[in-house]
Structure formats: structure tokens, C-alpha cells
Amino acid sequence: MLKIGLTGGIGSGKSTISEMLSKRGFDIIDADIVAREVLNKYPEIICEIKKNFGETFVDENNKLKRRELGNFIFAVQEKRKKYEEIIMPFIVKDIFYRINQLDEKGKEVCIIDAATLIENNLHKYMDVNILVWVDSLTQFERIKNRDKLPHSEILNRINSQMSLEEKIKFADYTIDNSKSLKDTEEELNITLREIGRNFRGVKCLSNLGTN
Ligand code: ATP
């Protein structure tokens, strides 16, 4: 099974492209969904969170108050790092579990949509890595329209991540999502065709043709 990593920065358009791929029938492993689901699957995570951040962020049903914890840790880099240290090994384990499940089902391709694919070294396990790129002004505007956050908060979030310019170095393909959705869809088509040419055994991609 061909594993395609799809990554980018906050608001660069990973979900938008994931959605396009999903509509075409590709299986997607969305790291954001995995990050939510591991909380129910591995009770050890809640234990560690209580140990490190106190009981405040866990409700009476032992469920994590994600939003409250998110706001608390986001402001302080050390705390965010600690949270990532706790949860990331479970996310990575679960992503590989899901990859294996799709492989066992005989799928030809799976897409791993993860904002921190590179930061967590997951890109090394992918056969192909695609970076969703957007210029910084467009990125800022799209986050502003989507999340309605104060400007300083948007900049904080962008600056807390590895820059897109840095991420490009690790990518096999870059899709520029700064323009219209139609342009992005066209770039996606070109990228899929190119991958199909490089992995001729993957029928669903090599059947896409040469135009
Ligand atoms: P995050 O990592 O923050 O979840 P993301 O990389 O998944 O973000 P999206 O949610 O796909 O990014 O896109 C960010 C916002 O920009 C969304 O509101 C989306 O609808 C919008 N958007 C994405 N691509 C385009 C485009 N080409 N034209 C116009 N709007 C777009």
C-alpha cells in the first residue's frame, strides 16, 4: 500500500485537500481525529494529564476538557511540549495501527493528513510526502476568517509551527493552495498523475492518465 503524507501549516488547506481526496474515494487517516479518539482508547493519557496538569482539565466522567486544556497549554511553550510528549506516542501508534488495517483490507493507497508529520518524523515512513503551501498573507486571512481569533493569537499559532519554507525541504511535492479551489484541484490532479507515473504498480493512480 502506498502511504502518502499530507502536511502543511495551520490554515494552509490540508483539510480542504483531504476532502477532495476523500471524495475521490481515497482513504484518509486524519491525525486530528486520531488525536481525539486516542483519548478514549488509551486511559493512560488521561492519567498522565492529571499527573502533569492537575484535575482541572478532566470532567466528572474522566473525559478531557480539550478546549480548556488547549487554551491553557497553547500560551506556554513548555506546557504544550509536555502535552505533546504525553499524547504523541499514542497518536503515532494509532496512525500505524490504522495504516496496517487499511493495508490488510487490500487498499492501494492511504493518505495520512497530519500537521506535524515532519516534526514527528512520520514523513520518513511515508512513500511520498505532499506539502500544502499557501503564501503567508493568504494563510493569515484564511485563519482570521475561519477562527475569528485576535491577530496576535493567529501570529502566535503560525509562529509556533515549523515554517512552510522549512517544511518544503522535506516534501516530494508541493501544492500551492493560495489561489482558487479550482486551481488547487487542478494542482492536485497534476500531483496525483505524477505520483502515478512514479508508482506504476498503483493502479488507481496510474489509471489517471497523462494530461
Ligand atoms: P488546520 O491545520 O488549522 O486545521 P488546514 O490546513 O486543514 O488547517 P483548511 O481548514 O483546509 O486548512 O483551510 C483553512 C481555511 O481556508 C478554511 O476555512 C478553508 O475553507 C479555507 N480555504 C482553504 N483553501 C482555500 C482556497 N483555495 N480558497 C479559498 N478558501 C480556502
# chains A, B, ... in the order shown; residues from 1 in each chain; ligands from 1
>>> residues_near_ligand(ligand="ligand 1", cutoff="7 Å", atoms="only C-alpha atoms and all ligand atoms", output="CSV table (one decimal) with N, CA and C atoms, in the first residue's frame")
chain,number,residue,atom,x,y,z
A,8,GLY,N,1.3,20.4,6.1
A,8,GLY,CA,1.3,21.9,5.8
A,8,GLY,C,1.3,22.6,7.2
A,9,GLY,N,0.9,23.9,7.1
A,9,GLY,CA,0.8,24.7,8.4
A,9,GLY,C,-0.6,24.9,8.7
A,10,ILE,N,-0.8,25.6,9.8
A,10,ILE,CA,-2.2,25.9,10.3
A,10,ILE,C,-2.9,26.7,9.1
A,11,GLY,N,-4.1,26.3,8.8
A,11,GLY,CA,-4.8,27.0,7.8
A,11,GLY,C,-4.3,27.0,6.3
A,12,SER,N,-3.3,26.0,6.1
A,12,SER,CA,-2.8,26.0,4.7
A,12,SER,C,-3.7,25.3,3.7
A,13,GLY,N,-4.6,24.5,4.3
A,13,GLY,CA,-5.5,23.8,3.4
A,13,GLY,C,-5.5,22.3,3.4
A,14,LYS,N,-4.9,21.7,4.4
A,14,LYS,CA,-4.8,20.2,4.5
A,14,LYS,C,-6.2,19.6,4.4
A,15,SER,N,-7.1,20.1,5.3
A,15,SER,CA,-8.4,19.5,5.3
A,15,SER,C,-9.2,19.7,4.0
A,16,THR,N,-9.0,20.8,3.4
A,16,THR,CA,-9.6,21.1,2.1
A,16,THR,C,-9.2,20.1,1.0
A,17,ILE,N,-7.9,19.8,1.0
A,17,ILE,CA,-7.3,18.8,0.0
A,17,ILE,C,-7.7,17.4,0.4
A,115,ALA,N,-0.7,17.7,10.5
A,115,ALA,CA,0.0,19.0,10.5
A,115,ALA,C,1.5,18.8,11.0
A,142,ARG,N,-7.1,33.6,5.9
A,142,ARG,CA,-8.0,32.4,6.0
A,142,ARG,C,-8.2,32.0,7.4
A,143,ILE,N,-7.1,32.1,8.2
A,143,ILE,CA,-7.3,31.7,9.6
A,143,ILE,C,-8.2,32.7,10.3
A,145,ASN,N,-10.6,34.6,9.0
A,145,ASN,CA,-12.0,34.3,8.6
A,145,ASN,C,-12.6,33.1,9.2
A,146,ARG,N,-11.7,32.1,9.4
A,146,ARG,CA,-12.2,30.8,9.9
A,146,ARG,C,-12.4,30.8,11.4
A,177,ASN,N,-1.9,26.2,-2.6
A,177,ASN,CA,-3.3,26.5,-2.3
A,177,ASN,C,-3.6,27.9,-2.1
A,178,SER,N,-2.8,28.8,-2.6
A,178,SER,CA,-3.0,30.3,-2.4
A,178,SER,C,-4.1,30.8,-3.3
A,179,LYS,N,-4.4,30.0,-4.3
A,179,LYS,CA,-5.4,30.6,-5.3
A,179,LYS,C,-6.8,29.9,-5.1
A,180,SER,N,-7.6,29.8,-6.2
A,180,SER,CA,-8.9,29.3,-6.0
A,180,SER,C,-8.9,27.8,-5.8
A,181,LEU,N,-10.1,27.3,-5.3
A,181,LEU,CA,-10.2,25.9,-5.1
A,181,LEU,C,-10.1,25.1,-6.4
A,184,THR,N,-6.5,24.7,-7.1
A,184,THR,CA,-5.9,23.7,-6.2
A,184,THR,C,-6.2,22.3,-6.7
>>> closest_atom_pairs(of="stretch 19-43 of chain A", to="stretch 92-103 of chain A", cutoff="10 Å", atoms="only C-alpha atoms", output="CSV")
residue,atom,partner,partner_atom,distance
A:Asp27,CA,A:Leu102,CA,8.1
A:Ile28,CA,A:Ile99,CA,9.6
A:Ile29,CA,A:Ile95,CA,7.1
A:Asp30,CA,A:Ile95,CA,8.7
A:Ala31,CA,A:Ile95,CA,7.4
A:Val34,CA,A:Asp94,CA,7.1
A:Ala35,CA,A:Asp94,CA,9.0
A:Glu37,CA,A:Asp94,CA,9.2
A:Val38,CA,A:Asp94,CA,7.4
A:Lys41,CA,A:Asp94,CA,9.5
>>> select_by_dssp(residues="chain A", states="helix (DSSP H, G or I)", output="number ranges by chain")
A: 14-23, 31-41, 43-53, 55-57, 66-74, 77-104, 122-125, 136-147, 151-159, 164-168, 181-198, 203-206
>>> closest_residue(among="A:Ala114, A:Ile158, A:Leu164, A:Leu205", to="A:Val134", atoms="only C-alpha atoms")
A:Leu164
>>> closest_residue(among="A:Ala75, A:Val202, A:Ile112, A:Leu117", to="A:Ser152", atoms="only C-alpha atoms")
A:Ala75
>>> residues_around(residues="A:Phe53", least_positions_apart="6", cutoff="12 Å", atoms="only C-alpha atoms", output="PyMOL selection string")
chain A and resi 45-47+64-65+68-70+72-73+78-80+82-83+86
>>> write_last_selection(atoms="all heavy atoms", output="CSV table (one decimal), in the first residue's frame")
chain,number,residue,atom,x,y,z
A,45,ILE,N,-3.5,8.1,28.9
A,45,ILE,CA,-3.3,9.5,28.6
A,45,ILE,C,-3.9,10.4,29.6
A,45,ILE,O,-3.3,11.4,30.1
A,45,ILE,CB,-3.9,9.8,27.2
A,45,ILE,CG1,-3.3,8.9,26.1
A,45,ILE,CG2,-3.6,11.3,26.8
A,45,ILE,CD1,-3.9,9.0,24.7
A,46,ILE,N,-5.2,10.1,30.0
A,46,ILE,CA,-5.9,11.0,31.0
A,46,ILE,C,-5.1,10.9,32.3
A,46,ILE,O,-4.9,12.0,33.0
A,46,ILE,CB,-7.3,10.5,31.2
A,46,ILE,CG1,-8.1,10.6,29.8
A,46,ILE,CG2,-8.0,11.3,32.2
A,46,ILE,CD1,-8.5,12.0,29.3
A,47,CYS,N,-4.6,9.8,32.7
A,47,CYS,CA,-3.8,9.6,33.9
A,47,CYS,C,-2.6,10.6,33.9
A,47,CYS,O,-2.4,11.3,34.9
A,47,CYS,CB,-3.3,8.2,34.1
A,47,CYS,SG,-4.6,7.1,34.6
A,64,LEU,N,-11.5,14.4,28.9
A,64,LEU,CA,-10.6,15.6,28.9
A,64,LEU,C,-11.4,16.8,28.4
A,64,LEU,O,-12.2,16.7,27.5
A,64,LEU,CB,-9.5,15.3,27.9
A,64,LEU,CG,-8.5,16.4,27.8
A,64,LEU,CD1,-7.7,16.5,29.1
A,64,LEU,CD2,-7.5,16.1,26.6
A,65,LYS,N,-11.2,17.9,29.1
A,65,LYS,CA,-11.8,19.2,28.6
A,65,LYS,C,-10.9,19.8,27.6
A,65,LYS,O,-9.9,20.5,28.0
A,65,LYS,CB,-12.1,20.1,29.8
A,65,LYS,CG,-13.0,19.6,30.8
A,65,LYS,CD,-13.2,20.7,31.9
A,65,LYS,CE,-13.9,20.1,33.2
A,65,LYS,NZ,-13.7,21.1,34.3
A,68,GLU,N,-10.5,23.7,27.1
A,68,GLU,CA,-9.8,24.4,28.3
A,68,GLU,C,-8.3,24.1,28.3
A,68,GLU,O,-7.5,24.9,28.5
A,68,GLU,CB,-10.5,23.9,29.6
A,68,GLU,CG,-11.8,24.6,29.9
A,68,GLU,CD,-13.0,23.8,29.4
A,68,GLU,OE1,-12.8,23.1,28.4
A,68,GLU,OE2,-14.1,24.0,29.9
A,69,LEU,N,-8.0,22.8,28.1
A,69,LEU,CA,-6.6,22.4,28.2
A,69,LEU,C,-5.8,23.1,27.0
A,69,LEU,O,-4.7,23.6,27.2
A,69,LEU,CB,-6.4,20.9,28.1
A,69,LEU,CG,-5.0,20.4,28.2
A,69,LEU,CD1,-4.4,20.7,29.6
A,69,LEU,CD2,-4.8,18.9,27.9
A,70,GLY,N,-6.5,23.1,25.8
A,70,GLY,CA,-5.9,23.7,24.7
A,70,GLY,C,-5.5,25.1,24.9
A,70,GLY,O,-4.4,25.6,24.6
A,72,PHE,N,-5.1,26.6,27.8
A,72,PHE,CA,-4.1,26.6,28.8
A,72,PHE,C,-2.7,26.3,28.3
A,72,PHE,O,-1.7,27.1,28.6
A,72,PHE,CB,-4.5,25.6,29.9
A,72,PHE,CG,-3.5,25.5,31.0
A,72,PHE,CD1,-3.3,26.5,32.0
A,72,PHE,CD2,-2.8,24.3,31.2
A,72,PHE,CE1,-2.4,26.4,33.0
A,72,PHE,CE2,-1.8,24.2,32.2
A,72,PHE,CZ,-1.6,25.2,33.1
A,73,ILE,N,-2.6,25.3,27.5
A,73,ILE,CA,-1.2,24.9,27.1
A,73,ILE,C,-0.7,25.7,25.9
A,73,ILE,O,0.5,25.9,25.8
A,73,ILE,CB,-1.1,23.4,26.7
A,73,ILE,CG1,-2.0,23.0,25.6
A,73,ILE,CG2,-1.3,22.5,28.0
A,73,ILE,CD1,-1.9,21.6,25.1
A,78,GLU,N,6.4,25.4,27.1
A,78,GLU,CA,6.8,24.2,27.9
A,78,GLU,C,5.7,23.3,28.1
A,78,GLU,O,5.8,22.1,28.1
A,78,GLU,CB,7.3,24.7,29.3
A,78,GLU,CG,8.7,24.9,29.4
A,78,GLU,CD,9.0,25.7,30.7
A,78,GLU,OE1,8.4,25.3,31.7
A,78,GLU,OE2,9.7,26.7,30.6
A,79,LYS,N,4.5,23.9,28.4
A,79,LYS,CA,3.3,23.0,28.7
A,79,LYS,C,2.8,22.3,27.5
A,79,LYS,O,2.4,21.2,27.5
A,79,LYS,CB,2.2,23.9,29.3
A,79,LYS,CG,2.5,24.5,30.6
A,79,LYS,CD,1.3,25.0,31.3
A,79,LYS,CE,1.6,25.4,32.8
A,79,LYS,NZ,1.9,26.8,32.9
A,80,ARG,N,2.9,23.1,26.3
A,80,ARG,CA,2.5,22.4,25.1
A,80,ARG,C,3.4,21.3,24.7
A,80,ARG,O,2.9,20.2,24.3
A,80,ARG,CB,2.5,23.5,24.0
A,80,ARG,CG,1.7,23.1,22.7
A,80,ARG,CD,1.6,24.2,21.8
A,80,ARG,NE,2.8,24.7,21.3
A,80,ARG,CZ,3.2,25.9,21.2
A,80,ARG,NH1,2.4,26.9,21.7
A,80,ARG,NH2,4.4,26.3,20.7
A,82,LYS,N,5.0,19.5,26.8
A,82,LYS,CA,4.8,18.4,27.8
A,82,LYS,C,3.5,17.6,27.3
A,82,LYS,O,3.5,16.3,27.3
A,82,LYS,CB,4.5,18.9,29.2
A,82,LYS,CG,4.3,17.9,30.2
A,82,LYS,CD,5.6,17.2,30.6
A,82,LYS,CE,5.4,15.7,30.8
A,82,LYS,NZ,6.6,14.9,30.9
A,83,TYR,N,2.5,18.3,26.9
A,83,TYR,CA,1.3,17.6,26.4
A,83,TYR,C,1.6,16.8,25.2
A,83,TYR,O,1.1,15.6,25.1
A,83,TYR,CB,0.2,18.7,26.1
A,83,TYR,CG,-1.1,18.1,25.5
A,83,TYR,CD1,-1.9,17.3,26.3
A,83,TYR,CD2,-1.5,18.3,24.2
A,83,TYR,CE1,-3.1,16.7,25.8
A,83,TYR,CE2,-2.6,17.7,23.7
A,83,TYR,CZ,-3.4,16.9,24.5
A,83,TYR,OH,-4.5,16.3,24.0
A,86,ILE,N,3.2,13.6,26.0
A,86,ILE,CA,2.3,12.6,26.6
A,86,ILE,C,1.5,12.0,25.4
A,86,ILE,O,1.5,10.7,25.3
A,86,ILE,CB,1.3,13.3,27.6
A,86,ILE,CG1,2.1,13.8,28.8
A,86,ILE,CG2,0.3,12.3,28.0
A,86,ILE,CD1,1.3,14.7,29.7
>>> residues_around(residues="A:Leu192", least_positions_apart="3", cutoff="10 Å", atoms="only C-alpha atoms", output="PyMOL selection string")
chain A and resi 21+173+186-189+195-198+204-206+208-209
>>> residues_around(residues="A:Ser160", least_positions_apart="6", cutoff="10 Å", atoms="only C-alpha atoms", output="compact mmCIF listing (two decimals) with N, CA, C and O atoms, in the first residue's frame")
# COMPACT_ATOMS: atom_id res chain seq x y z
N ILE A 10 -0.84 25.56 9.83
CA ILE A 10 -2.20 25.89 10.25
C ILE A 10 -2.87 26.70 9.13
O ILE A 10 -2.26 27.61 8.56
N PHE A 74 -1.63 26.31 25.15
CA PHE A 74 -1.16 27.00 23.96
C PHE A 74 -0.29 28.21 24.29
O PHE A 74 0.67 28.50 23.59
N GLN A 77 4.86 27.52 25.95
CA GLN A 77 5.51 26.53 25.10
C GLN A 77 5.88 25.24 25.85
O GLN A 77 5.68 24.14 25.33
N ILE A 154 -3.35 34.65 16.16
CA ILE A 154 -3.10 33.99 14.86
C ILE A 154 -1.60 33.91 14.62
O ILE A 154 -1.07 32.85 14.27
>>> atom_distance(atom1="atom CA of A:Ile130", atom2="atom CA of A:Ile4")
7.3 Å
>>> atom_distance(atom1="atom CA of A:Glu55", atom2="atom CA of A:Glu153")
26.3 Å
>>> atom_distance(atom1="atom CA of A:Leu131", atom2="atom CA of A:Glu108")
20.9 Å
>>> select_by_dssp(residues="chain A", states="strand (DSSP E or B)", output="list in words")
Leu2, Lys3, Ile4, Gly5, Leu6, Thr7, Gly8, Asp27, Ile28, Ile29, Asp30, Val58, Leu64, Val109, Cys110, Ile111, Ile112, Asp113, Val128, Asn129, Ile130, Leu131, Val132, Trp133, Tyr173, Thr174, Ile175 and Asp176 of chain A
>>> decode(residues="stretch 7-40 of chain A", atoms="N, CA and C atoms", output="PDB file, in the first residue's frame")
ATOM      1  N   THR A   7       0.808  17.231   4.475  1.00  0.00           N
ATOM      2  CA  THR A   7       1.087  18.105   5.609  1.00  0.00           C
ATOM      3  C   THR A   7       1.105  19.570   5.171  1.00  0.00           C
ATOM      4  N   GLY A   8       1.309  20.439   6.128  1.00  0.00           N
ATOM      5  CA  GLY A   8       1.297  21.877   5.849  1.00  0.00           C
ATOM      6  C   GLY A   8       1.262  22.620   7.167  1.00  0.00           C
ATOM      7  N   GLY A   9       0.914  23.880   7.122  1.00  0.00           N
ATOM      8  CA  GLY A   9       0.825  24.656   8.363  1.00  0.00           C
ATOM      9  C   GLY A   9      -0.622  24.860   8.745  1.00  0.00           C
ATOM     10  N   ILE A  10      -0.836  25.560   9.832  1.00  0.00           N
ATOM     11  CA  ILE A  10      -2.196  25.894  10.253  1.00  0.00           C
ATOM     12  C   ILE A  10      -2.871  26.702   9.127  1.00  0.00           C
ATOM     13  N   GLY A  11      -4.064  26.269   8.771  1.00  0.00           N
ATOM     14  CA  GLY A  11      -4.830  27.004   7.759  1.00  0.00           C
ATOM     15  C   GLY A  11      -4.281  26.953   6.349  1.00  0.00           C
ATOM     16  N   SER A  12      -3.331  26.047   6.078  1.00  0.00           N
ATOM     17  CA  SER A  12      -2.766  26.047   4.715  1.00  0.00           C
ATOM     18  C   SER A  12      -3.677  25.305   3.727  1.00  0.00           C
ATOM     19  N   GLY A  13      -4.574  24.465   4.255  1.00  0.00           N
ATOM     20  CA  GLY A  13      -5.538  23.811   3.365  1.00  0.00           C
ATOM     21  C   GLY A  13      -5.462  22.292   3.352  1.00  0.00           C
ATOM     22  N   LYS A  14      -4.900  21.704   4.402  1.00  0.00           N
ATOM     23  CA  LYS A  14      -4.802  20.239   4.457  1.00  0.00           C
ATOM     24  C   LYS A  14      -6.195  19.592   4.431  1.00  0.00           C
ATOM     25  N   SER A  15      -7.101  20.109   5.272  1.00  0.00           N
ATOM     26  CA  SER A  15      -8.444  19.523   5.334  1.00  0.00           C
ATOM     27  C   SER A  15      -9.169  19.687   4.009  1.00  0.00           C
ATOM     28  N   THR A  16      -8.958  20.835   3.371  1.00  0.00           N
ATOM     29  CA  THR A  16      -9.609  21.100   2.085  1.00  0.00           C
ATOM     30  C   THR A  16      -9.154  20.067   1.045  1.00  0.00           C
ATOM     31  N   ILE A  17      -7.856  19.796   1.015  1.00  0.00           N
ATOM     32  CA  ILE A  17      -7.333  18.837   0.027  1.00  0.00           C
ATOM     33  C   ILE A  17      -7.693  17.400   0.435  1.00  0.00           C
ATOM     34  N   SER A  18      -7.669  17.145   1.719  1.00  0.00           N
ATOM     35  CA  SER A  18      -8.095  15.824   2.225  1.00  0.00           C
ATOM     36  C   SER A  18      -9.511  15.505   1.774  1.00  0.00           C
ATOM     37  N   GLU A  19     -10.351  16.515   1.877  1.00  0.00           N
ATOM     38  CA  GLU A  19     -11.762  16.378   1.475  1.00  0.00           C
ATOM     39  C   GLU A  19     -11.862  16.060  -0.018  1.00  0.00           C
ATOM     40  N   MET A  20     -11.040  16.741  -0.824  1.00  0.00           N
ATOM     41  CA  MET A  20     -11.048  16.475  -2.274  1.00  0.00           C
ATOM     42  C   MET A  20     -10.639  15.021  -2.529  1.00  0.00           C
ATOM     43  N   LEU A  21      -9.636  14.571  -1.764  1.00  0.00           N
ATOM     44  CA  LEU A  21      -9.134  13.202  -1.957  1.00  0.00           C
ATOM     45  C   LEU A  21     -10.166  12.181  -1.471  1.00  0.00           C
ATOM     46  N   SER A  22     -10.821  12.511  -0.388  1.00  0.00           N
ATOM     47  CA  SER A  22     -11.823  11.605   0.158  1.00  0.00           C
ATOM     48  C   SER A  22     -12.991  11.441  -0.826  1.00  0.00           C
ATOM     49  N   LYS A  23     -13.377  12.554  -1.457  1.00  0.00           N
ATOM     50  CA  LYS A  23     -14.473  12.498  -2.449  1.00  0.00           C
ATOM     51  C   LYS A  23     -14.112  11.603  -3.619  1.00  0.00           C
ATOM     52  N   ARG A  24     -12.818  11.482  -3.886  1.00  0.00           N
ATOM     53  CA  ARG A  24     -12.379  10.598  -4.978  1.00  0.00           C
ATOM     54  C   ARG A  24     -12.229   9.162  -4.509  1.00  0.00           C
ATOM     55  N   GLY A  25     -12.520   8.922  -3.246  1.00  0.00           N
ATOM     56  CA  GLY A  25     -12.521   7.543  -2.743  1.00  0.00           C
ATOM     57  C   GLY A  25     -11.246   7.117  -2.031  1.00  0.00           C
ATOM     58  N   PHE A  26     -10.305   8.053  -1.857  1.00  0.00           N
ATOM     59  CA  PHE A  26      -9.084   7.675  -1.134  1.00  0.00           C
ATOM     60  C   PHE A  26      -9.377   7.574   0.367  1.00  0.00           C
ATOM     61  N   ASP A  27      -8.705   6.637   1.026  1.00  0.00           N
ATOM     62  CA  ASP A  27      -8.847   6.516   2.477  1.00  0.00           C
ATOM     63  C   ASP A  27      -7.924   7.520   3.148  1.00  0.00           C
ATOM     64  N   ILE A  28      -8.495   8.228   4.124  1.00  0.00           N
ATOM     65  CA  ILE A  28      -7.729   9.274   4.808  1.00  0.00           C
ATOM     66  C   ILE A  28      -7.576   8.904   6.279  1.00  0.00           C
ATOM     67  N   ILE A  29      -6.370   9.049   6.790  1.00  0.00           N
ATOM     68  CA  ILE A  29      -6.177   8.981   8.238  1.00  0.00           C
ATOM     69  C   ILE A  29      -5.904  10.420   8.679  1.00  0.00           C
ATOM     70  N   ASP A  30      -6.838  10.973   9.427  1.00  0.00           N
ATOM     71  CA  ASP A  30      -6.734  12.380   9.830  1.00  0.00           C
ATOM     72  C   ASP A  30      -6.172  12.431  11.255  1.00  0.00           C
ATOM     73  N   ALA A  31      -4.971  12.986  11.393  1.00  0.00           N
ATOM     74  CA  ALA A  31      -4.303  12.984  12.709  1.00  0.00           C
ATOM     75  C   ALA A  31      -5.108  13.747  13.768  1.00  0.00           C
ATOM     76  N   ASP A  32      -5.912  14.733  13.330  1.00  0.00           N
ATOM     77  CA  ASP A  32      -6.748  15.468  14.300  1.00  0.00           C
ATOM     78  C   ASP A  32      -7.822  14.547  14.881  1.00  0.00           C
ATOM     79  N   ILE A  33      -8.390  13.715  14.019  1.00  0.00           N
ATOM     80  CA  ILE A  33      -9.412  12.757  14.502  1.00  0.00           C
ATOM     81  C   ILE A  33      -8.738  11.731  15.412  1.00  0.00           C
ATOM     82  N   VAL A  34      -7.567  11.252  14.989  1.00  0.00           N
ATOM     83  CA  VAL A  34      -6.832  10.275  15.807  1.00  0.00           C
ATOM     84  C   VAL A  34      -6.550  10.885  17.190  1.00  0.00           C
ATOM     85  N   ALA A  35      -6.123  12.159  17.201  1.00  0.00           N
ATOM     86  CA  ALA A  35      -5.777  12.822  18.472  1.00  0.00           C
ATOM     87  C   ALA A  35      -6.976  12.865  19.418  1.00  0.00           C
ATOM     88  N   ARG A  36      -8.179  12.969  18.856  1.00  0.00           N
ATOM     89  CA  ARG A  36      -9.384  12.965  19.719  1.00  0.00           C
ATOM     90  C   ARG A  36      -9.708  11.545  20.176  1.00  0.00           C
ATOM     91  N   GLU A  37      -9.594  10.601  19.234  1.00  0.00           N
ATOM     92  CA  GLU A  37     -10.029   9.242  19.553  1.00  0.00           C
ATOM     93  C   GLU A  37      -9.090   8.503  20.513  1.00  0.00           C
ATOM     94  N   VAL A  38      -7.802   8.833  20.465  1.00  0.00           N
ATOM     95  CA  VAL A  38      -6.883   8.131  21.381  1.00  0.00           C
ATOM     96  C   VAL A  38      -7.217   8.424  22.847  1.00  0.00           C
ATOM     97  N   LEU A  39      -7.867   9.568  23.082  1.00  0.00           N
ATOM     98  CA  LEU A  39      -8.211   9.928  24.466  1.00  0.00           C
ATOM     99  C   LEU A  39      -9.174   8.924  25.076  1.00  0.00           C
ATOM    100  N   ASN A  40     -10.056   8.349  24.244  1.00  0.00           N
ATOM    101  CA  ASN A  40     -10.995   7.327  24.745  1.00  0.00           C
ATOM    102  C   ASN A  40     -10.381   5.939  24.721  1.00  0.00           C
TER     103      ASN A  40
END
